Amino acid sequence: MLKAASHPAWPSVRIVSTMALVVVEMLTIRLFTPLPDVWGIWPVVGVVQAVPKILLLVAAIFVVVGWSKRSAILAAFNQDADPVQISATAAISAAAMLAAFLARGLLAQAPPGADAFLAYLYSALFLTAITSLVLVAAPLGFWREIVTFCKPELMLALGLGLLGYVTGATLDRERGSLLSEDNWAELSDATLQLSYWILKHFDHSAFMDPATRVLGAGDFSVRIFAACSGYEGMMLIAVFVVGYIVIFRRSLKFPNVFLLFPLAMGAIWLLNSLRIALLVFIGANFSPDIALGGFHSQFGWISFLLIAITIMTVAQKLAFFGKRSPIMAAAMSNAANAARARQAADSNPALIFLIPFIALMAGQIVTRIAAPHDYLLYPIKVIAVFAALYAFRNVYKQLLGTPDAVSVLIGGMAGVLWIATDPGAGSHTPLEQSLSEFSPIMVALWLAFRGLGTIIMVPIAEELAFRGYVYRVLQAAKFETVDFRAFGLVALVVSSSLFGLMHDRWLAAALAGALYALLMIRRGRIGDAIAAHMTTNAVIFTWAVVAGQWSLL
């Protein structure tokens with residue numbers, strides 16, 4: 001019987017073993033002996049190869065729908081398993097996958113008429129390997145308890161997983177016909193008409209050609225292909241609404257909530273038409289590079305986030321969609337709701353450490369609209385991070401503390417090394433060209449914002465996220481209980497690597513991140529890591545401005 005566990009401890013050996021087998025087996029079977037279209041030749045092979053994909057999808061959905069029973073599930077998972085049985089099962093899985101690999105090689109070369117036996121043999125071996133792999137992750141007793149005590153959640157996950165896979169596979173196989181421009185002609189035409197109607201209110205030179213679905217203004221034009229009709233965004237937001245309904249089903253009204261599908265899909269289609277109209281307007285009147293670069297892709301994601309956030313923050317508060325519990329009603333009517341929200345945020349340690357970085361990423365998304373000239377909108381990121389830091393300024397004052405001279409010195413040395421190893425030294429950049437066209441006042445103003453962001457805002461946001469949160473959450477789920485002095489090799493490597501991936505020179509940045517982490521561990525103060533990061537960026541920024549080495553920015 002499932003029982004709640006107060007302090008679940010994950011059996012790391014089983015988890016690591018399972019993950020290692022998954023990686024080795026999947027890479028082996030995928031990288032070698034490729035097969036042709038299995039669905040058209042050996043449907044049984046297509047079915048069995050779909051099993052691991054479906055299982056992964058079902059597992060992800062089960063985590064969401066079974067979240068309320070997580071303690072009991074973890075308790076059952078943590079039960080002792082026979083190591084001999086686990087080892088034997090792992091050996092069976094590896095042997096079956098090796099045999100499947102050999103059968104797959106023979107199947108790929110088998111002539112028609114002599115491949116039926118090999119197809120069924122490969123399918124049986126593949127299923128054996130997958131089944132054994134599942135039993136390596138957890139013994140049979142665990143799966144029996146899951147089926148017995150989580151039957152509704154499991155059935156829902158299985159149904160949605162199968163539906164999701166079949167839908168995705170069908171769309172992928174029929175992309176050439178089902179999602180072709182001809183079959184989406186009506187939606188493309190409607191998008192063209194609406195985009196033209198919007199554009200002509202901004203630009204009197206707007207024109208369109210319905211026969212070729214061309215929309216333009218002046219000497220700039222685009223063609224509304226099927227992908228531009230908005231169906232991709234509509235499908236994406238529909239998937240989001242499904243997830244939202246599943247997660248918050250207990251606080252939503254049925255069938256009223258299903259009205260969110262046409263509302264959300266209609267809203268994102270309207271925003272897509274606005275995106276196309278603005279794209280043409282920007283391309284005709286400002287910059288074709290910006291229109292076809294950052295704006296084309298980023299505005300779509302901004303539209304999706306806008307609608308998703310609106311649904312999450314508004315739907316449950318509307319009586320038509322949400323079940324207004326007494327607690328929710330009181331919260332909505334209380335004049336002190338804002339103050340309580342601030343207090344709740346202050347008590348959430350993850351929010352404290354991540355909100356400045358989230359603000360930085362949000363600013364990044366917005367500024368990417370202007371790519372490849374997005375650096376000109378850098379002040380937006382500075383303002384976003386400053387707003388986050390100011391909102392919780394009292395918490396950060398206590399957290400940062402006073403750094404020591406060693407951190408400043410080492411941070412400065414890291415900055416010198418960064419400059420000395422700059423691969424772009426001596427090259428001309430778009431930033432240099434843009435600044436040369438600005439007035440001295442505009443250059444000084446932009447450099448002031450860039451310096452403020454580079455030296456102060458970005459180091460605080462990144463150190464709070466990567467050293468304050470990621471480094472410690474890799475050591476314990478309740479990361480706030482991990483002392484800043486605690487050393488963890490895996491946490492150090494992973495957090496520094498993730499930090500490095502945020503930068504173009506990822507290896508050098510990862511090494512710098514590891515250096516900042518060690519400085520934090522040295523005295524147990526995250527302020528030391530922030531001070532070192534600030535000093536590094538200050539040295540780099542100062543040299544870039546004085547020496548004109550704009551590739552550093």
# chains A, B, ... in the order shown; residues from 1 in each chain; ligands from 1
>>> residues_around(residues="segment 531-536 of chain A", least_positions_apart="6", cutoff="9 Å", atoms="only C-alpha atoms", output="list in words")
Thr402, Pro403, Asp404, Val406, Ser407, Val408, Leu409, Ile410, Gly411, Gly412, Met413, Ala414, Gly415, Val416, Trp418, Thr454, Ile455, Ile456, Met457, Val458, Pro459, Ile460, Glu463, Ala512, Gly513, Leu515, Tyr516 and Leu519 of chain A
>>> write_last_selection(atoms="N, CA and C atoms", output="compact mmCIF listing (two decimals), in the first residue's frame")
# COMPACT_ATOMS: atom_id res chain seq x y z
N THR A 402 29.23 42.42 2.67
CA THR A 402 30.41 43.16 2.23
C THR A 402 31.47 42.19 1.74
N PRO A 403 31.91 42.30 0.49
CA PRO A 403 32.93 41.38 -0.04
C PRO A 403 34.32 41.73 0.48
N ASP A 404 35.27 40.83 0.29
CA ASP A 404 36.65 41.11 0.72
C ASP A 404 37.52 41.41 -0.49
N VAL A 406 40.15 39.90 -1.65
CA VAL A 406 40.55 38.75 -2.45
C VAL A 406 39.59 38.51 -3.61
N SER A 407 38.29 38.61 -3.34
CA SER A 407 37.29 38.40 -4.38
C SER A 407 37.42 39.44 -5.48
N VAL A 408 37.65 40.70 -5.07
CA VAL A 408 37.81 41.77 -6.06
C VAL A 408 39.06 41.54 -6.90
N LEU A 409 40.15 41.13 -6.25
CA LEU A 409 41.40 40.91 -6.97
C LEU A 409 41.28 39.76 -7.97
N ILE A 410 40.72 38.65 -7.54
CA ILE A 410 40.57 37.50 -8.43
C ILE A 410 39.60 37.80 -9.56
N GLY A 411 38.53 38.52 -9.24
CA GLY A 411 37.60 38.92 -10.29
C GLY A 411 38.27 39.79 -11.34
N GLY A 412 39.15 40.70 -10.89
CA GLY A 412 39.89 41.55 -11.83
C GLY A 412 40.82 40.75 -12.71
N MET A 413 41.48 39.74 -12.13
CA MET A 413 42.37 38.88 -12.91
C MET A 413 41.58 38.09 -13.96
N ALA A 414 40.38 37.63 -13.60
CA ALA A 414 39.53 36.93 -14.56
C ALA A 414 39.16 37.85 -15.71
N GLY A 415 38.90 39.13 -15.41
CA GLY A 415 38.59 40.09 -16.46
C GLY A 415 39.75 40.30 -17.41
N VAL A 416 40.97 40.36 -16.88
CA VAL A 416 42.15 40.52 -17.73
C VAL A 416 42.33 39.32 -18.65
N TRP A 418 39.99 37.32 -19.67
CA TRP A 418 38.91 37.36 -20.67
C TRP A 418 39.28 38.28 -21.83
N THR A 454 25.98 45.83 -17.25
CA THR A 454 27.09 44.89 -17.30
C THR A 454 27.79 44.75 -15.96
N ILE A 455 27.99 45.84 -15.26
CA ILE A 455 28.78 45.83 -14.03
C ILE A 455 27.95 45.50 -12.79
N ILE A 456 26.68 45.89 -12.77
CA ILE A 456 25.88 45.73 -11.54
C ILE A 456 24.72 44.76 -11.73
N MET A 457 23.83 45.04 -12.68
CA MET A 457 22.58 44.28 -12.78
C MET A 457 22.80 42.82 -13.17
N VAL A 458 23.55 42.61 -14.24
CA VAL A 458 23.74 41.24 -14.73
C VAL A 458 24.49 40.36 -13.73
N PRO A 459 25.59 40.82 -13.12
CA PRO A 459 26.26 39.97 -12.13
C PRO A 459 25.36 39.57 -10.96
N ILE A 460 24.56 40.50 -10.46
CA ILE A 460 23.67 40.16 -9.35
C ILE A 460 22.65 39.12 -9.78
N GLU A 463 24.46 35.65 -10.55
CA GLU A 463 25.02 34.97 -9.37
C GLU A 463 23.92 34.47 -8.44
N ALA A 512 34.96 30.72 -15.46
CA ALA A 512 34.74 31.89 -14.61
C ALA A 512 33.64 31.61 -13.59
N GLY A 513 32.58 30.91 -14.01
CA GLY A 513 31.50 30.56 -13.09
C GLY A 513 31.99 29.67 -11.96
N LEU A 515 35.00 29.63 -10.81
CA LEU A 515 35.82 30.50 -9.95
C LEU A 515 34.94 31.30 -8.99
N TYR A 516 33.84 31.84 -9.49
CA TYR A 516 32.94 32.59 -8.61
C TYR A 516 32.34 31.69 -7.54
N LEU A 519 34.85 31.12 -4.79
CA LEU A 519 34.96 32.31 -3.94
C LEU A 519 33.79 32.38 -2.96
>>> closest_residue(among="A:Ile237, A:Phe220, A:Gly243, A:Thr421", to="Pro262 of chain A", atoms="only C-alpha atoms")
A:Ile237
>>> select_by_dssp(residues="segment 228-428 of chain A", states="helix (DSSP H, G or I)", output="number ranges by chain")
A: 228, 231-247, 249-251, 256-285, 288-317, 326-333, 337-346, 349-370, 374-391, 393-400, 405-420
>>> select_by_dssp(residues="segment 213-385 of chain A", states="strand (DSSP E)", output="list of chain:residue names")
A:Val214, A:Leu215, A:Gly216, A:Ala217, A:Phe220, A:Ser221, A:Val222, A:Arg223
>>> write_last_selection(atoms="C-alpha atoms", output="tab-separated table (two decimals), in the first residue's frame")
chain	number	residue	atom	x	y	z
A	214	VAL	CA	1.90	38.55	-51.09
A	215	LEU	CA	1.62	41.41	-48.60
A	216	GLY	CA	3.84	44.46	-48.77
A	217	ALA	CA	4.38	48.17	-48.39
A	220	PHE	CA	9.24	45.49	-49.07
A	221	SER	CA	6.95	42.47	-49.27
A	222	VAL	CA	6.47	38.99	-47.82
A	223	ARG	CA	4.47	35.96	-48.84
>>> atom_distance(atom1="atom CA of Lys253 of chain A", atom2="atom CA of Ser71 of chain A")
27.6 Å
